[in-house]
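Accompanying notes for the structure given below.
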Amino acid sequence: MTTPETPDTSAERRGLPPGKMPELRVMPAPADANVYGDVFGGWIMAQVDIAGSLPATRRANGRVATVAVNSFVFKNPVFIGDLLSFYADIVKVGNTSITVNVEVYAERNRLQASIVKVTEATLTYVATGPDRKPRQVPPLETFQ
Ligand SMILES: CC(C)(COP(=O)(O)OP(=O)(O)OC[C@H]1O[C@@H](n2cnc3c(N)ncnc32)[C@H](O)[C@@H]1OP(=O)(O)O)[C@@H](O)C(=O)NCCC(=O)NCCS
């Protein structure tokens, strides 16, 4: 409920994608910066890989390995102290593979609700067994 003491800080109000929950929210620290003081692209890639692996792991009902980064676009820089939200959606399920689209939004100044889309990527994960070999993605009807 919104009252004068508790302003409406919902995701929609702040300009984040409506009706969706981020898989991951994280704030980069000074140790994640490059030599120019902005956030190192490799750090963002690692977080995107983690965020994408979460729905893939749920769909695979077990471990997955990243087989490919199909596309990765850094649309805007990320700054230390931005609050990043990672949204991940499965876009394709194959025999053993699961492809996930990940979108990253930065809240630059949380008190002024300044939201910027900073990154978009598509990654493919492969469901693997304990032997680390590909295994079939279980059929959807096995999930209750
Ligand atoms: C992931 C791994 C187990 C897949 O084994 P593989 O023998 O290469 O697998 P396959 O050639 O049978 O391909 C498996 C699936 O991945 C897909 N795939 C393989 N290469 C791909 C690529 N470059 N882009 C997109 N999909 C690809 C295949 O199309 C196949 O999908 P499908 O079964 O849904 O049709 C193996 O490549 C591996 O261990 N790679 C290292 C993983 C890793 O260390 N990742 C980084 C840390 S998690």
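Chain labels run A, B, ... following the order of the structure tokens; each chain numbers its residues from 1, and ligands are numbered from 1 in the order shown.
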Taking only C-alpha atoms and all ligand atoms into account, which residues are within 6 Å of ligand 1, as JSON, numbers by chain? {"A": [65, 66, 67, 68, 94, 95, 96, 97, 124, 126, 132, 133, 134]}
Writing out the chosen residues with N, CA and C atoms as a PDB file, in the first residue's frame:
ATOM      1  N   ALA A  65      25.685 -26.494 -18.688  1.00  0.00           N
ATOM      2  CA  ALA A  65      26.957 -25.847 -19.010  1.00  0.00           C
ATOM      3  C   ALA A  65      26.696 -24.848 -20.123  1.00  0.00           C
ATOM      4  N   THR A  66      27.369 -23.712 -20.058  1.00  0.00           N
ATOM      5  CA  THR A  66      27.244 -22.712 -21.117  1.00  0.00           C
ATOM      6  C   THR A  66      28.022 -23.209 -22.325  1.00  0.00           C
ATOM      7  N   VAL A  67      27.331 -23.392 -23.458  1.00  0.00           N
ATOM      8  CA  VAL A  67      28.043 -23.843 -24.661  1.00  0.00           C
ATOM      9  C   VAL A  67      28.358 -22.679 -25.583  1.00  0.00           C
ATOM     10  N   ALA A  68      27.512 -21.632 -25.586  1.00  0.00           N
ATOM     11  CA  ALA A  68      27.752 -20.526 -26.521  1.00  0.00           C
ATOM     12  C   ALA A  68      27.158 -19.223 -26.007  1.00  0.00           C
ATOM     13  N   GLY A  94      15.870 -27.023 -27.200  1.00  0.00           N
ATOM     14  CA  GLY A  94      16.181 -28.043 -28.200  1.00  0.00           C
ATOM     15  C   GLY A  94      16.173 -29.427 -27.569  1.00  0.00           C
ATOM     16  N   ASN A  95      16.933 -30.326 -28.155  1.00  0.00           N
ATOM     17  CA  ASN A  95      17.012 -31.680 -27.613  1.00  0.00           C
ATOM     18  C   ASN A  95      17.765 -31.680 -26.279  1.00  0.00           C
ATOM     19  N   THR A  96      18.979 -31.091 -26.306  1.00  0.00           N
ATOM     20  CA  THR A  96      19.767 -30.993 -25.064  1.00  0.00           C
ATOM     21  C   THR A  96      20.053 -29.548 -24.677  1.00  0.00           C
ATOM     22  N   SER A  97      19.675 -28.614 -25.539  1.00  0.00           N
ATOM     23  CA  SER A  97      20.073 -27.215 -25.306  1.00  0.00           C
ATOM     24  C   SER A  97      18.890 -26.328 -24.924  1.00  0.00           C
ATOM     25  N   THR A 124      23.401 -19.914 -24.954  1.00  0.00           N
ATOM     26  CA  THR A 124      22.869 -21.280 -25.027  1.00  0.00           C
ATOM     27  C   THR A 124      23.556 -22.146 -23.975  1.00  0.00           C
ATOM     28  N   VAL A 126      23.635 -26.166 -22.198  1.00  0.00           N
ATOM     29  CA  VAL A 126      23.362 -27.571 -22.495  1.00  0.00           C
ATOM     30  C   VAL A 126      23.126 -28.299 -21.171  1.00  0.00           C
ATOM     31  N   ARG A 132      29.175 -34.918 -17.213  1.00  0.00           N
ATOM     32  CA  ARG A 132      29.403 -33.663 -17.962  1.00  0.00           C
ATOM     33  C   ARG A 132      29.081 -33.799 -19.450  1.00  0.00           C
ATOM     34  N   LYS A 133      28.406 -34.847 -19.832  1.00  0.00           N
ATOM     35  CA  LYS A 133      27.995 -35.036 -21.237  1.00  0.00           C
ATOM     36  C   LYS A 133      26.565 -34.516 -21.392  1.00  0.00           C
ATOM     37  N   PRO A 134      26.182 -34.124 -22.643  1.00  0.00           N
ATOM     38  CA  PRO A 134      24.819 -33.631 -22.847  1.00  0.00           C
ATOM     39  C   PRO A 134      23.779 -34.695 -22.502  1.00  0.00           C
TER      40      PRO A 134
END
Could you pull out all residues of segment 14-127 of chain A with a DSSP call of helix (DSSP H, G or I) and give them as a VMD selection string? chain A and resid 30 to 32 41 to 60
So which residues touch Tyr36 of chain A within 12 Å, counting only C-alpha atoms, skipping near sequence neighbours fewer than 3 positions away, as a VMD selection string? chain A and resid 30 32 to 33 39 to 41 77 to 80
Expected file: the selected residues, C-alpha atoms, as a JSON list (two decimals), in the first residue's frame:
[["chain", "number", "residue", "atom", "x", "y", "z"],
["A", 30, "PRO", "CA", 34.97, -0.51, -7.03],
["A", 32, "ASP", "CA", 34.63, -4.53, -10.52],
["A", 33, "ALA", "CA", 35.87, -1.41, -12.36],
["A", 39, "VAL", "CA", 32.41, -1.40, -14.73],
["A", 40, "PHE", "CA", 34.52, -4.02, -16.51],
["A", 41, "GLY", "CA", 32.62, -5.73, -19.34],
["A", 77, "PRO", "CA", 28.08, 1.87, -19.73],
["A", 78, "VAL", "CA", 27.59, 0.57, -16.20],
["A", 79, "PHE", "CA", 28.83, 2.66, -13.29],
["A", 80, "ILE", "CA", 29.93, 1.69, -9.81]]
From the options A:Thr99, A:Asn70, A:Thr128, A:Asn109, which residue's atoms come nearest to Pro55 of chain A, counting only C-alpha atoms?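 Comparing A:Thr99, A:Asn70, A:Thr128, A:Asn109 against Pro55 of chain A, the winner is A:Thr99.
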Taking 2 positions as the minimum chain separation for residues in the same chain, which residues sit within 8 Å of Ile90 of chain A when counting only C-alpha atoms? Answer as a PDB file with N, CA and C atoms, in the first residue's frame.
ATOM      1  N   PRO A  55      17.151 -19.804 -15.126  1.00  0.00           N
ATOM      2  CA  PRO A  55      15.990 -20.460 -15.753  1.00  0.00           C
ATOM      3  C   PRO A  55      16.390 -21.721 -16.511  1.00  0.00           C
ATOM      4  N   ALA A  56      17.601 -21.736 -17.093  1.00  0.00           N
ATOM      5  CA  ALA A  56      18.048 -22.931 -17.822  1.00  0.00           C
ATOM      6  C   ALA A  56      18.176 -24.124 -16.871  1.00  0.00           C
ATOM      7  N   ALA A  88      15.774 -12.739 -17.400  1.00  0.00           N
ATOM      8  CA  ALA A  88      16.194 -13.854 -18.257  1.00  0.00           C
ATOM      9  C   ALA A  88      14.972 -14.661 -18.693  1.00  0.00           C
ATOM     10  N   LYS A  92      14.263 -20.676 -26.515  1.00  0.00           N
ATOM     11  CA  LYS A  92      14.263 -21.886 -27.341  1.00  0.00           C
ATOM     12  C   LYS A  92      14.723 -23.079 -26.503  1.00  0.00           C
ATOM     13  N   VAL A  93      14.030 -24.191 -26.683  1.00  0.00           N
ATOM     14  CA  VAL A  93      14.462 -25.445 -26.045  1.00  0.00           C
ATOM     15  C   VAL A  93      14.677 -26.467 -27.146  1.00  0.00           C
ATOM     16  N   ILE A  98      19.229 -25.248 -24.227  1.00  0.00           N
ATOM     17  CA  ILE A  98      18.242 -24.248 -23.793  1.00  0.00           C
ATOM     18  C   ILE A  98      18.864 -22.881 -24.079  1.00  0.00           C
ATOM     19  N   THR A  99      18.160 -22.069 -24.878  1.00  0.00           N
ATOM     20  CA  THR A  99      18.678 -20.749 -25.222  1.00  0.00           C
ATOM     21  C   THR A  99      17.894 -19.690 -24.447  1.00  0.00           C
ATOM     22  N   VAL A 100      18.647 -18.763 -23.867  1.00  0.00           N
ATOM     23  CA  VAL A 100      18.065 -17.778 -22.945  1.00  0.00           C
ATOM     24  C   VAL A 100      18.460 -16.372 -23.384  1.00  0.00           C
ATOM     25  N   ASN A 101      17.468 -15.476 -23.381  1.00  0.00           N
ATOM     26  CA  ASN A 101      17.727 -14.062 -23.640  1.00  0.00           C
ATOM     27  C   ASN A 101      17.822 -13.339 -22.282  1.00  0.00           C
TER      28      ASN A 101
END
Selection near Val102 of chain A, 12 Å with only C-alpha atoms, sequence-local residues under 5 positions removed, as a ChimeraX atom specification: /A:22-24,44-45,47-56,69-74,85-91,117-124
Residues just named, written with C-alpha atoms as a short mmCIF file (atom, residue, chain, number, x, y, z; two decimals), in the first residue's frame:
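Done, and the output landed in again.cif:
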data_model
loop_
_atom_site.label_atom_id
_atom_site.label_comp_id
_atom_site.auth_asym_id
_atom_site.auth_seq_id
_atom_site.Cartn_x
_atom_site.Cartn_y
_atom_site.Cartn_z
CA PRO A 22 14.52 -10.17 -12.29
CA GLU A 23 16.51 -13.38 -11.89
CA LEU A 24 19.33 -11.44 -10.28
CA ILE A 44 28.91 -7.91 -16.55
CA MET A 45 29.32 -10.98 -18.79
CA GLN A 47 26.66 -11.89 -14.09
CA VAL A 48 24.71 -12.36 -17.34
CA ASP A 49 25.96 -15.95 -17.55
CA ILE A 50 24.81 -16.59 -13.97
CA ALA A 51 21.40 -14.95 -14.57
CA GLY A 52 20.81 -16.92 -17.78
CA SER A 53 21.82 -20.18 -16.16
CA LEU A 54 19.07 -19.88 -13.51
CA PRO A 55 15.99 -20.46 -15.75
CA ALA A 56 18.05 -22.93 -17.82
CA VAL A 69 27.30 -16.79 -26.17
CA ASN A 70 25.33 -16.15 -29.35
CA SER A 71 25.17 -12.39 -29.02
CA PHE A 72 26.18 -9.81 -26.46
CA VAL A 73 25.60 -6.07 -26.77
CA PHE A 74 26.76 -3.46 -24.27
CA SER A 85 18.47 -6.05 -12.60
CA PHE A 86 18.93 -9.10 -14.84
CA TYR A 87 15.81 -10.43 -16.62
CA ALA A 88 16.19 -13.85 -18.26
CA ASP A 89 13.69 -15.59 -20.57
CA ILE A 90 13.99 -18.95 -22.26
CA VAL A 91 13.55 -18.38 -26.00
CA LYS A 117 18.94 -0.63 -20.42
CA VAL A 118 22.65 -1.44 -20.42
CA THR A 119 23.06 -4.92 -21.89
CA GLU A 120 21.25 -7.54 -23.96
CA ALA A 121 22.59 -11.03 -24.63
CA THR A 122 21.57 -14.46 -25.83
CA LEU A 123 23.29 -17.55 -24.46
CA THR A 124 22.87 -21.28 -25.03
#
